[in-house]
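Visitor: File name entry.cif; file contents mmCIF, C-alpha atoms; full text below.
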data_entry
loop_
_atom_site.label_atom_id
_atom_site.label_comp_id
_atom_site.auth_asym_id
_atom_site.auth_seq_id
_atom_site.Cartn_x
_atom_site.Cartn_y
_atom_site.Cartn_z
CA MET W 26 124.09 286.49 -87.04
CA THR W 27 121.80 283.54 -86.26
CA GLN W 28 121.65 284.53 -82.61
CA TYR W 29 120.33 287.97 -83.60
CA GLU W 30 117.48 286.74 -85.81
CA PRO W 31 114.84 287.51 -83.13
CA THR W 32 116.03 291.14 -83.28
CA CYS W 33 116.66 291.62 -86.99
CA ILE W 34 113.56 289.95 -88.44
CA PRO W 35 111.01 291.98 -86.38
CA LEU W 36 113.01 295.09 -87.28
CA ALA W 37 112.71 294.33 -90.99
CA VAL W 38 108.96 293.92 -90.58
CA ALA W 39 108.78 297.18 -88.64
CA VAL W 40 110.50 299.00 -91.50
CA GLY W 41 107.79 297.69 -93.81
CA THR W 42 109.71 295.25 -95.99
CA ASP W 43 110.06 291.52 -96.19
CA PRO W 44 113.20 290.11 -94.51
CA ASP W 45 114.17 288.43 -97.78
CA GLU W 46 114.21 291.63 -99.85
CA SER W 47 117.66 292.95 -100.70
CA ASN W 48 116.76 296.66 -100.46
CA ARG W 49 115.57 296.70 -96.85
CA LEU W 50 118.69 298.47 -95.52
CA ASP W 51 118.32 301.34 -97.99
CA ARG W 52 114.93 302.20 -96.49
CA LEU W 53 116.05 302.11 -92.86
CA GLU W 54 115.82 305.46 -91.09
CA PRO W 55 116.65 306.48 -87.47
CA GLU W 56 112.93 307.00 -86.81
CA HIS W 57 112.29 303.37 -87.76
CA LEU W 58 114.72 302.24 -85.10
CA GLU W 59 113.31 304.54 -82.42
CA ARG W 60 109.78 303.33 -83.18
CA PHE W 61 111.04 299.75 -83.06
CA TYR W 62 112.60 300.25 -79.60
CA ARG W 63 109.39 301.80 -78.27
CA LYS W 64 107.37 298.92 -79.68
CA MET W 65 109.68 296.42 -77.98
CA GLN W 66 109.16 298.04 -74.59
CA MET W 67 105.41 298.38 -75.10
CA SER W 68 105.34 294.64 -75.82
CA GLY W 69 106.94 293.88 -72.47
CA SER W 70 110.67 293.93 -73.21
CA SER W 71 112.85 295.68 -70.66
CA ALA W 72 114.87 298.80 -71.39
CA GLY W 73 118.00 296.67 -71.15
CA THR W 74 116.73 294.29 -73.84
CA ALA W 75 115.86 297.19 -76.13
CA HIS W 76 119.26 298.74 -75.50
CA HIS W 77 120.95 295.42 -76.31
CA ALA W 78 118.99 295.31 -79.58
CA HIS W 79 120.21 298.83 -80.37
CA ARG W 80 123.85 297.81 -79.85
CA THR W 81 123.37 294.71 -82.01
CA ILE W 82 121.82 296.70 -84.84
CA ARG W 83 124.50 299.39 -84.60
CA VAL W 84 127.28 296.81 -85.00
CA ALA W 85 125.48 295.10 -87.89
CA LEU W 86 124.84 298.38 -89.72
CA GLY W 87 128.44 299.44 -89.12
CA GLU W 88 129.54 296.35 -91.00
CA ALA W 89 127.03 297.14 -93.75
CA VAL W 90 128.54 300.63 -94.12
CA LEU W 91 132.04 299.16 -94.42
CA ARG W 92 130.83 296.80 -97.15
CA GLY W 93 129.08 299.58 -99.05
CA HIS W 94 125.53 298.29 -98.61
CA VAL W 95 124.37 301.53 -96.96
CA ALA W 96 125.76 305.04 -96.88
CA THR W 97 125.12 305.84 -93.21
CA ASN W 98 124.58 303.93 -89.99
CA ALA W 99 121.06 304.81 -88.90
CA ALA W 100 121.66 303.33 -85.44
CA GLU W 101 124.37 305.90 -84.72
CA ILE W 102 121.85 308.68 -85.34
CA ALA W 103 118.87 307.10 -83.58
CA LYS W 104 118.40 307.77 -79.89
CA ALA W 105 119.17 304.67 -77.86
CA PRO W 106 116.65 303.57 -75.22
CA SER W 107 117.37 305.14 -71.86
CA LEU W 108 118.96 302.59 -69.59
CA GLU W 109 119.15 302.82 -65.83
CA GLU W 110 122.08 301.03 -64.23
CA GLU W 111 121.05 298.06 -62.12
CA ASP W 112 121.46 298.34 -58.38
CA ILE W 113 124.35 296.37 -56.94
CA GLU W 114 123.12 294.07 -54.20
CA PRO W 115 125.95 291.81 -52.99
CA PHE W 116 125.16 289.02 -50.59
CA THR W 117 126.15 289.44 -46.95
CA ILE W 118 128.65 287.18 -45.21
CA GLU W 119 125.81 285.33 -43.48
CA GLU W 120 124.02 284.80 -46.81
CA VAL W 121 127.19 283.52 -48.49
CA GLN W 122 127.74 281.05 -45.65
CA SER W 123 124.17 279.76 -45.96
CA LEU W 124 124.57 279.39 -49.73
CA LEU W 125 127.83 277.46 -49.42
CA VAL W 126 126.40 275.10 -46.81
CA GLU W 127 123.39 274.32 -48.99
CA ALA W 128 125.47 274.13 -52.19
CA ALA W 129 127.66 271.44 -50.62
CA ARG W 130 124.68 269.08 -50.86
CA LEU W 131 124.29 269.59 -54.61
CA ARG W 132 125.95 267.97 -57.55
CA ASN W 133 128.48 270.38 -59.12
CA SER W 134 128.64 272.23 -55.79
CA ALA W 135 131.99 273.76 -56.81
CA ARG W 136 130.10 275.69 -59.50
CA TRP W 137 128.61 278.00 -56.88
CA VAL W 138 131.82 278.34 -54.88
CA VAL W 139 133.53 279.55 -58.06
CA ALA W 140 130.71 282.03 -58.70
CA LEU W 141 130.90 283.56 -55.22
CA ALA W 142 134.69 283.44 -54.83
CA LEU W 143 135.94 284.38 -58.31
CA GLY W 144 132.96 286.30 -59.69
CA LEU W 145 132.97 284.54 -63.06
CA ARG W 146 130.13 285.35 -65.41
CA GLN W 147 127.73 282.51 -66.08
CA GLY W 148 129.04 281.88 -69.59
CA GLU W 149 132.64 281.93 -68.35
CA ALA W 150 131.94 279.42 -65.57
CA LEU W 151 129.98 277.02 -67.77
CA GLY W 152 132.57 277.34 -70.53
CA LEU W 153 135.49 276.29 -68.29
CA HIS W 154 137.49 273.29 -69.49
CA TRP W 155 139.95 271.29 -67.40
CA GLU W 156 142.70 272.11 -69.88
CA VAL W 157 142.74 275.74 -68.68
CA VAL W 158 142.66 274.86 -64.96
CA ASP W 159 146.03 274.26 -63.31
CA LEU W 160 145.40 273.11 -59.76
CA ASP W 161 149.09 272.52 -59.06
CA ALA W 162 150.08 276.06 -60.00
CA GLY W 163 146.84 277.46 -58.57
CA TYR W 164 145.28 279.41 -61.43
CA VAL W 165 142.58 279.24 -64.09
CA ARG W 166 142.60 280.88 -67.52
CA ILE W 167 139.34 282.33 -68.82
CA ARG W 168 139.19 281.74 -72.56
CA LYS W 169 135.68 280.56 -73.56
CA ASN W 170 132.03 281.43 -73.03
CA ARG W 171 129.22 278.92 -73.02
CA LEU W 172 126.51 279.88 -75.53
CA ARG W 173 122.82 279.35 -75.03
CA PRO W 174 121.81 276.33 -77.10
CA LYS W 175 119.60 276.71 -80.15
CA TYR W 176 117.78 273.82 -81.72
CA ALA W 177 115.94 272.93 -84.91
CA HIS W 178 113.33 270.24 -85.47
CA GLY W 179 114.70 266.89 -86.55
CA CYS W 180 111.37 265.17 -86.98
CA GLY W 181 111.22 265.95 -90.71
CA ALA W 182 107.99 265.08 -92.52
CA ASP W 183 106.36 263.83 -89.32
CA PRO W 184 106.22 266.96 -87.09
CA CYS W 185 106.10 266.38 -83.35
CA GLY W 186 103.99 269.47 -82.64
CA ARG W 187 106.38 270.73 -79.97
CA LYS W 188 108.83 273.60 -79.84
CA ALA W 189 112.20 272.87 -81.41
CA GLY W 190 113.90 272.68 -78.03
CA TYR W 191 111.52 269.91 -76.91
CA CYS W 192 111.53 267.94 -80.15
CA PRO W 193 112.52 264.29 -79.45
CA LYS W 194 114.83 264.44 -82.48
CA LYS W 195 116.05 268.01 -81.98
CA GLU W 196 119.27 269.08 -83.67
CA GLN W 197 121.77 271.56 -82.25
CA THR W 198 122.22 274.50 -84.65
CA ARG W 199 124.58 276.64 -82.58
CA ARG W 200 128.06 275.78 -81.35
CA GLU W 201 128.44 275.09 -77.64
CA HIS W 202 130.91 277.86 -76.84
CA LYS W 203 132.86 280.71 -78.33
CA SER W 204 136.17 282.34 -77.54
CA THR W 205 136.12 285.37 -75.26
CA ARG W 206 136.26 288.39 -77.53
CA SER W 207 137.71 291.15 -75.38
CA ARG W 208 141.29 291.24 -74.17
CA ALA W 209 140.12 292.00 -70.64
CA GLY W 210 137.85 288.96 -70.72
CA ARG W 211 140.76 286.68 -71.64
CA ARG W 212 142.45 286.63 -68.26
CA THR W 213 144.19 284.45 -65.72
CA VAL W 214 142.74 284.25 -62.21
CA GLY W 215 144.53 282.87 -59.17
CA LEU W 216 142.84 280.22 -57.05
CA PRO W 217 142.87 280.38 -53.23
CA ASP W 218 143.92 277.18 -51.47
CA PRO W 219 140.43 276.28 -50.14
CA LEU W 220 139.01 276.55 -53.66
CA ILE W 221 141.81 274.36 -55.06
CA LYS W 222 140.86 271.68 -52.54
CA ILE W 223 137.18 271.93 -53.53
CA LEU W 224 138.02 271.68 -57.24
CA ARG W 225 140.17 268.59 -56.63
CA GLN W 226 137.25 266.94 -54.85
CA HIS W 227 134.98 267.98 -57.72
CA GLN W 228 137.42 266.47 -60.22
CA GLU W 229 137.43 263.19 -58.32
CA ALA W 230 133.62 263.11 -58.23
CA GLN W 231 133.50 263.75 -61.96
CA GLU W 232 135.93 260.89 -62.55
CA ARG W 233 133.60 258.55 -60.66
CA GLU W 234 130.74 259.72 -62.88
CA ARG W 235 132.83 259.01 -65.97
CA ILE W 236 133.44 255.45 -64.82
CA ALA W 237 129.76 254.96 -64.04
CA ALA W 238 128.65 256.38 -67.42
CA GLY W 239 130.97 254.09 -69.36
CA ALA W 240 130.46 254.33 -73.14
CA ASP W 241 127.82 257.07 -72.70
CA TRP W 242 130.42 259.54 -71.38
CA GLU W 243 130.81 262.42 -73.83
CA GLY W 244 134.22 263.49 -72.54
CA LYS W 245 134.19 267.09 -73.73
CA GLY W 246 136.41 268.31 -70.91
CA TYR W 247 133.97 270.66 -69.19
CA VAL W 248 134.73 271.46 -65.55
CA PHE W 249 131.01 271.70 -64.79
CA ALA W 250 129.29 269.06 -66.86
CA SER W 251 126.15 266.94 -67.04
CA PRO W 252 126.17 263.43 -65.54
CA VAL W 253 127.44 262.11 -68.88
CA GLY W 254 130.09 264.80 -69.44
CA GLY W 255 128.15 267.13 -71.71
CA PRO W 256 127.83 270.91 -71.32
CA LEU W 257 125.36 272.42 -68.87
CA SER W 258 122.49 274.49 -70.20
CA PRO W 259 122.55 278.13 -69.00
CA ASN W 260 118.79 277.96 -68.47
CA THR W 261 119.07 274.88 -66.26
CA ASP W 262 121.97 276.49 -64.41
CA PHE W 263 119.80 279.53 -63.71
CA HIS W 264 116.96 277.44 -62.26
CA VAL W 265 119.40 275.50 -60.06
CA TRP W 266 120.62 278.85 -58.71
CA LYS W 267 117.07 279.96 -57.90
CA ARG W 268 116.37 276.68 -56.13
CA LEU W 269 119.61 277.04 -54.18
CA LEU W 270 118.52 280.46 -52.92
CA ARG W 271 115.17 279.10 -51.76
CA ASP W 272 116.66 276.03 -50.05
CA ALA W 273 119.30 278.16 -48.31
CA GLY W 274 116.66 280.57 -47.01
CA VAL W 275 118.39 283.49 -48.74
CA ARG W 276 116.60 286.43 -50.37
CA ASP W 277 115.89 286.10 -54.06
CA GLY W 278 118.72 287.47 -56.17
CA ARG W 279 120.16 287.44 -59.64
CA LEU W 280 122.93 285.06 -60.59
CA HIS W 281 124.97 288.16 -61.41
CA ASP W 282 124.72 289.21 -57.75
CA ALA W 283 127.24 286.45 -56.97
CA ARG W 284 129.67 288.31 -59.23
CA HIS W 285 128.85 291.58 -57.46
CA THR W 286 129.60 289.87 -54.15
CA ALA W 287 133.07 288.79 -55.29
CA ALA W 288 133.88 292.29 -56.57
CA THR W 289 132.66 293.91 -53.36
CA VAL W 290 134.85 291.66 -51.21
CA LEU W 291 137.91 292.51 -53.31
CA LEU W 292 137.24 296.23 -52.95
CA ILE W 293 136.66 295.99 -49.19
CA LEU W 294 139.96 294.11 -48.83
CA ASP W 295 141.62 297.09 -50.56
CA VAL W 296 143.06 294.93 -53.35
CA PRO W 297 144.88 297.13 -55.92
CA ASP W 298 142.64 298.39 -58.72
CA VAL W 299 144.70 296.78 -61.48
CA VAL W 300 144.39 293.38 -59.78
CA ILE W 301 140.62 293.77 -59.32
CA ASP W 302 140.20 294.74 -62.98
CA SER W 303 142.17 291.66 -64.02
CA ILE W 304 140.20 289.27 -61.82
CA MET W 305 136.80 290.66 -62.80
CA GLY W 306 137.65 291.06 -66.48
CA TRP W 307 136.66 294.73 -66.62
CA GLU W 308 137.61 296.69 -69.72
CA PRO W 309 140.25 299.39 -69.07
CA GLY W 310 137.96 302.11 -70.37
CA GLY W 311 135.07 301.21 -68.08
CA ALA W 312 136.88 299.82 -65.04
CA ALA W 313 136.86 303.11 -63.14
CA ARG W 314 133.13 303.53 -63.77
CA MET W 315 132.48 299.97 -62.57
CA ARG W 316 134.44 300.53 -59.35
CA ALA W 317 132.57 303.79 -58.76
CA ARG W 318 129.25 301.90 -58.86
CA TYR W 319 130.36 299.89 -55.83
CA MET W 320 131.35 302.82 -53.64
CA HIS W 321 128.00 303.31 -51.87
CA VAL W 322 127.72 299.57 -51.23
CA ILE W 323 131.25 299.36 -49.86
CA GLY W 324 130.68 302.33 -47.56
CA THR W 325 127.56 300.71 -46.08
CA MET W 326 129.28 297.36 -45.60
CA LEU W 327 132.38 298.93 -44.09
CA ARG W 328 130.23 300.79 -41.57
CA LYS W 329 128.52 297.54 -40.67
CA VAL W 330 131.86 295.77 -40.27
CA ALA W 331 133.16 298.64 -38.16
CA GLN W 332 130.13 298.47 -35.88
CA GLN W 333 130.52 294.73 -35.44
CA SER W 334 134.26 295.00 -34.89
CA TRP W 335 134.04 297.77 -32.28
CA ARG W 336 130.87 296.68 -30.54
CA ARG W 337 132.71 294.53 -27.99
CA PRO W 338 135.62 296.95 -27.26
CA LEU W 339 133.27 299.90 -26.96
CA GLY W 340 130.89 297.85 -24.84
CA ALA W 341 133.75 296.89 -22.54
CA ALA W 342 134.82 300.54 -22.31
CA ARG W 343 131.27 301.56 -21.39
CA ASN W 344 131.20 298.86 -18.75
CA ARG W 345 134.48 300.12 -17.28
CA ARG W 346 133.12 303.66 -17.19
CA SER W 347 129.95 302.44 -15.53
CA PHE W 348 132.01 300.57 -12.93
CA ARG W 349 134.07 303.69 -12.15
CA CYS W 350 130.93 305.79 -11.85
CA ARG W 351 129.32 303.29 -9.50
CA ARG W 352 132.51 303.15 -7.43
CA LYS W 353 132.63 306.94 -7.11
CA ILE W 354 128.99 307.03 -6.02
CA GLN W 355 129.63 304.34 -3.42
CA LEU W 356 132.65 306.22 -2.02
CA ARG W 357 130.68 309.49 -1.85
CA ARG W 358 127.83 307.81 0.02
CA LYS W 359 130.26 306.21 2.43
CA LEU W 360 131.95 309.54 3.03
CA ARG W 361 128.58 311.22 3.71
CA ARG W 362 127.64 308.53 6.21
CA THR W 363 130.98 308.85 7.98
CA THR W 364 130.72 312.68 8.12
CA SER W 365 127.15 312.60 9.45
CA LYS W 366 128.26 310.67 12.59
CA GLY W 367 130.17 313.71 13.87
CA PRO W 368 133.84 314.62 14.45
CA THR W 369 134.42 312.05 17.18
CA ALA W 370 133.06 309.24 15.19
CA ASN W 371 134.90 310.47 12.17
CA GLY W 372 138.16 310.72 14.08
CA GLY W 373 137.63 307.26 15.51
CA ALA W 374 137.03 305.91 12.07
CA LEU W 375 140.18 307.57 10.83
CA ARG W 376 142.20 306.21 13.75
CA HIS W 377 140.73 302.73 13.13
CA ARG W 378 141.69 302.97 9.44
CA ALA W 379 145.21 304.12 10.47
CA ARG W 380 145.67 301.00 12.62
#
So, in terms of structure tokens, how does the structure I just supplied come out?
Guide:
Amino acid sequence: MTQYEPTCIPLAVAVGTDPDESNRLDRLEPEHLERFYRKMQMSGSSAGTAHHAHRTIRVALGEAVLRGHVATNAAEIAKAPSLEEEDIEPFTIEEVQSLLVEAARLRNSARWVVALALGLRQGEALGLHWEVVDLDAGYVRIRKNRLRPKYAHGCGADPCGRKAGYCPKKEQTRREHKSTRSRAGRRTVGLPDPLIKILRQHQEAQERERIAAGADWEGKGYVFASPVGGPLSPNTDFHVWKRLLRDAGVRDGRLHDARHTAATVLLILDVPDVVIDSIMGWEPGGAARMRARYMHVIGTMLRKVAQQSWRRPLGAARNRRSFRCRRKIQLRRKLRRTTSKGPTANGGALRHRAR
């Protein structure tokens, strides 16, 4: 529960008890939770953050009910914060091309190819280990998620005065990764041949870094690692993504939009639903709802593709029609001129044409 401390401790204060008291759960009412959610949003938290807090508290209280600490789960009675679904904004083909060209200049460039081609979540991509990547067989198994690091001060009696994450002697208090919890999340994804080639080149580059690092190499087996083989920070990864968008001249977008792009391409290609669900790691119960969210985007993109695909044939057809019309007009004018010269001239012209 350490990762939920920022949610649970303010909640305990909102209820009116000290976090260390043992009777705080007995005093928790649905109204406390609803007031807590409103206070979160008034303080600047988004509806999504408040909704995530609600889910966290509901799970925690459900465990408390099972253990007999409380009689009812107040979170199941409280009204959850209203949550509007985010708009899906996949990148266009031109934007993807610009991103790939610019990403090729970066270290760990394969990281962004994987994001756009396979649609892996950030934690899934950063949690990849070489042991689950089979380049010969052409597949990767998704098994772990990279966790956001959490640190504690290591300066002891001589405080540095900085935040724990910037302490010169900081200590990691959270494990680097965790196993994927859902069955849908634990999946095997095929690799297209171009991506296999890119990953082989990435593996060779990482091997050169290992040799250069020497004894400093951490050797934890991450596919996307730091220059000394350690895990990448999700926060640093996010800022690299933002810089990549700016350098590529592409509109600002969320890292999750790369995942939306991969899903949209699969749907446009008419890949079977069961295959799409497997690649994207969508839960069976919510897969249909997820696909439905993409329908308006797919319709717009398909219309655009259709216009681009038929622009040249239709343009050629219009040109042929214009040519026929011009030819008819020319023949009519010629016929009028011939008729206006009189019967003799017309007969002479006909006899000349007959010769």
Visitor: Counting all atoms listed in the file, figure out which residue out of W:Ala100, W:Ala128, W:Leu153, W:Ala237 gets nearest to Ala250 (chain W).
Guide: W:Leu153
Visitor: At a cut-off of 9 Å around the point (109.9, 265.7, -86.3) (file coordinates), what residues fall inside when counting only C-alpha atoms? I'd like the answer as a PyMOL selection string.
Guide: chain W and resi 178-187+189+192-195
Visitor: Quick one: pull the distance between CA of Asn260 (chain W) and CA of Gly148 (chain W), Å, one decimal.
Guide: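 The value is 11.0 Å.
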Visitor: Hey, what comes out of the PyMOL selection byres ((chain W and resi 285-287) around 7) on this file? Could you write it as number ranges by chain?
Guide: W: 113, 115-116, 141-144, 281-284, 288-291
Visitor: Pick the closest to Ala209 (chain W) from W:His76, W:Arg166, W:Arg225, W:Arg136: which is it, counting all atoms listed in the file?
Guide: W:Arg166
Visitor: Could you write out as a list in words the residues that the PyMOL selection byres ((chain W and resi 230) around 12) matches in the shown file?
Guide: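 So the PyMOL selection byres ((chain W and resi 230) around 12) ends up selecting Leu131, Arg132, Asn133, Ser134, Ala135, Ile223, Leu224, Arg225, Gln226, His227, Gln228, Glu229, Gln231, Glu232, Arg233, Glu234, Arg235, Ile236, Ala237, Val248, Phe249, Ala250, Pro252 and Gly254 of chain W.
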Visitor: I would like the residues chosen by the PyMOL selection byres ((chain W and resi 207) around 12) on the shown file; could you give them as a PDB file with C-alpha atoms, in the coordinates of the input?
Guide:
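The resulting file, part_4.pdb, is shown below:
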ATOM      1  CA  ILE W 167     139.340 282.330 -68.820  1.00  0.00           C
ATOM      2  CA  ARG W 168     139.190 281.740 -72.560  1.00  0.00           C
ATOM      3  CA  LYS W 169     135.680 280.560 -73.560  1.00  0.00           C
ATOM      4  CA  ASN W 170     132.030 281.430 -73.030  1.00  0.00           C
ATOM      5  CA  LYS W 203     132.860 280.710 -78.330  1.00  0.00           C
ATOM      6  CA  SER W 204     136.170 282.340 -77.540  1.00  0.00           C
ATOM      7  CA  THR W 205     136.120 285.370 -75.260  1.00  0.00           C
ATOM      8  CA  ARG W 206     136.260 288.390 -77.530  1.00  0.00           C
ATOM      9  CA  ARG W 208     141.290 291.240 -74.170  1.00  0.00           C
ATOM     10  CA  ALA W 209     140.120 292.000 -70.640  1.00  0.00           C
ATOM     11  CA  GLY W 210     137.850 288.960 -70.720  1.00  0.00           C
ATOM     12  CA  ARG W 211     140.760 286.680 -71.640  1.00  0.00           C
ATOM     13  CA  ARG W 212     142.450 286.630 -68.260  1.00  0.00           C
ATOM     14  CA  GLY W 306     137.650 291.060 -66.480  1.00  0.00           C
ATOM     15  CA  TRP W 307     136.660 294.730 -66.620  1.00  0.00           C
ATOM     16  CA  GLU W 308     137.610 296.690 -69.720  1.00  0.00           C
ATOM     17  CA  PRO W 309     140.250 299.390 -69.070  1.00  0.00           C
TER      18      PRO W 309
END
Visitor: Using all atoms listed in the file, find the one residue out of W:Pro174, W:Pro217, W:Gly244, W:Gly73 that sits nearest to Trp155 (chain W).
Guide: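 Ranked by minimum distance to Trp155 (chain W), first place goes to W:Gly244.
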Visitor: Nearest to Ser251 (chain W): which of W:Ala105, W:Asp51, W:Val275, W:Ala238 is it, counting only C-alpha atoms?
Guide: W:Ala238
Visitor: Which is closest to Val300 (chain W) among W:Gly69, W:Gly215, W:Gly163, W:Gly93, if we use all atoms listed in the file?
Guide: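 Of W:Gly69, W:Gly215, W:Gly163, W:Gly93, the one nearest Val300 (chain W), counting all atoms listed in the file, is W:Gly215.
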Visitor: For Gly246 (chain W), which of W:Leu145, W:Ala317, W:Leu270, W:Val157 is the closest residue, counting all atoms listed in the file?
Guide: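 So, comparing all the options, the nearest one is W:Val157.
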Visitor: Could you list, as an MDAnalysis selection string, every residue within 9 Å of region 96-99 of chain W, counting only C-alpha atoms and ignoring same-chain residues fewer than 4 positions away?
Guide: chainID W and resid 51 53:58 83 86:87 89:91 103
Visitor: Record the distance separating CA of Glu59 (chain W) and CA of Thr81 (chain W), expressed in Å with one decimal.
Guide: 14.1 Å
Visitor: Would you compute the distance between CA of Ala273 (chain W) and CA of Ser123 (chain W)? Give it in Å to one decimal.
Guide: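 Separation of CA of Ala273 (chain W) and CA of Ser123 (chain W): 5.6 Å.
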Visitor: Give as a list in words the set of residues within 6 Å of the point (141.1, 287.9, -65.0), where distances use the file's coordinates and all atoms listed in the file.
Guide: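 Those residues lying close to the given coordinates are Arg212, Thr213, Val214, Ser303, Ile304, Met305 and Gly306 of chain W.
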Visitor: Which neighbours of Asp298 (chain W) fall inside 9 Å, counting all atoms listed in the file, when residues of the same chain fewer than 3 positions from it are skipped, and could you give them as a ChimeraX atom specification?
Guide: /W:292,295,301-303,312-313,316
Visitor: Using the block above, I'd like region 246-252 of chain W written out, keeping all heavy atoms and formatting it as a PDB file, in the first residue's frame.
Guide:
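Result file follows (decode_26.pdb):
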ATOM      1  N   GLY W 246      19.216  -6.653 -17.589  1.00  0.00           N
ATOM      2  CA  GLY W 246      18.472  -7.301 -18.663  1.00  0.00           C
ATOM      3  C   GLY W 246      17.364  -6.499 -19.287  1.00  0.00           C
ATOM      4  O   GLY W 246      16.548  -7.048 -20.045  1.00  0.00           O
ATOM      5  N   TYR W 247      17.295  -5.193 -19.032  1.00  0.00           N
ATOM      6  CA  TYR W 247      16.238  -4.378 -19.613  1.00  0.00           C
ATOM      7  C   TYR W 247      16.495  -4.166 -21.107  1.00  0.00           C
ATOM      8  O   TYR W 247      17.622  -3.935 -21.529  1.00  0.00           O
ATOM      9  CB  TYR W 247      16.165  -3.015 -18.929  1.00  0.00           C
ATOM     10  CG  TYR W 247      15.509  -3.040 -17.568  1.00  0.00           C
ATOM     11  CD1 TYR W 247      16.272  -3.054 -16.400  1.00  0.00           C
ATOM     12  CD2 TYR W 247      14.119  -3.050 -17.452  1.00  0.00           C
ATOM     13  CE1 TYR W 247      15.671  -3.065 -15.154  1.00  0.00           C
ATOM     14  CE2 TYR W 247      13.515  -3.075 -16.212  1.00  0.00           C
ATOM     15  CZ  TYR W 247      14.290  -3.085 -15.065  1.00  0.00           C
ATOM     16  OH  TYR W 247      13.685  -3.114 -13.837  1.00  0.00           O
ATOM     17  N   VAL W 248      15.420  -4.228 -21.891  1.00  0.00           N
ATOM     18  CA  VAL W 248      15.539  -3.953 -23.325  1.00  0.00           C
ATOM     19  C   VAL W 248      15.862  -2.477 -23.536  1.00  0.00           C
ATOM     20  O   VAL W 248      16.735  -2.120 -24.328  1.00  0.00           O
ATOM     21  CB  VAL W 248      14.242  -4.339 -24.061  1.00  0.00           C
ATOM     22  CG1 VAL W 248      14.306  -3.914 -25.530  1.00  0.00           C
ATOM     23  CG2 VAL W 248      14.013  -5.837 -23.960  1.00  0.00           C
ATOM     24  N   PHE W 249      15.155  -1.615 -22.824  1.00  0.00           N
ATOM     25  CA  PHE W 249      15.406  -0.176 -22.901  1.00  0.00           C
ATOM     26  C   PHE W 249      15.993   0.249 -21.566  1.00  0.00           C
ATOM     27  O   PHE W 249      15.291   0.294 -20.553  1.00  0.00           O
ATOM     28  CB  PHE W 249      14.118   0.579 -23.220  1.00  0.00           C
ATOM     29  CG  PHE W 249      13.434   0.075 -24.465  1.00  0.00           C
ATOM     30  CD1 PHE W 249      12.180  -0.522 -24.406  1.00  0.00           C
ATOM     31  CD2 PHE W 249      14.064   0.169 -25.699  1.00  0.00           C
ATOM     32  CE1 PHE W 249      11.564  -0.996 -25.540  1.00  0.00           C
ATOM     33  CE2 PHE W 249      13.456  -0.308 -26.850  1.00  0.00           C
ATOM     34  CZ  PHE W 249      12.211  -0.897 -26.766  1.00  0.00           C
ATOM     35  N   ALA W 250      17.276   0.529 -21.576  1.00  0.00           N
ATOM     36  CA  ALA W 250      18.013   0.748 -20.336  1.00  0.00           C
ATOM     37  C   ALA W 250      18.777   2.058 -20.385  1.00  0.00           C
ATOM     38  O   ALA W 250      18.886   2.716 -21.430  1.00  0.00           O
ATOM     39  CB  ALA W 250      18.972  -0.419 -20.087  1.00  0.00           C
ATOM     40  N   SER W 251      19.317   2.431 -19.235  1.00  0.00           N
ATOM     41  CA  SER W 251      20.183   3.605 -19.135  1.00  0.00           C
ATOM     42  C   SER W 251      21.545   3.262 -19.746  1.00  0.00           C
ATOM     43  O   SER W 251      21.816   2.106 -20.071  1.00  0.00           O
ATOM     44  CB  SER W 251      20.338   3.990 -17.660  1.00  0.00           C
ATOM     45  OG  SER W 251      21.101   2.999 -16.977  1.00  0.00           O
ATOM     46  N   PRO W 252      22.427   4.236 -19.902  1.00  0.00           N
ATOM     47  CA  PRO W 252      23.751   3.948 -20.479  1.00  0.00           C
ATOM     48  C   PRO W 252      24.574   2.940 -19.701  1.00  0.00           C
ATOM     49  O   PRO W 252      25.550   2.395 -20.238  1.00  0.00           O
ATOM     50  CB  PRO W 252      24.425   5.330 -20.488  1.00  0.00           C
ATOM     51  CG  PRO W 252      23.296   6.304 -20.578  1.00  0.00           C
ATOM     52  CD  PRO W 252      22.194   5.693 -19.761  1.00  0.00           C
TER      53      PRO W 252
END
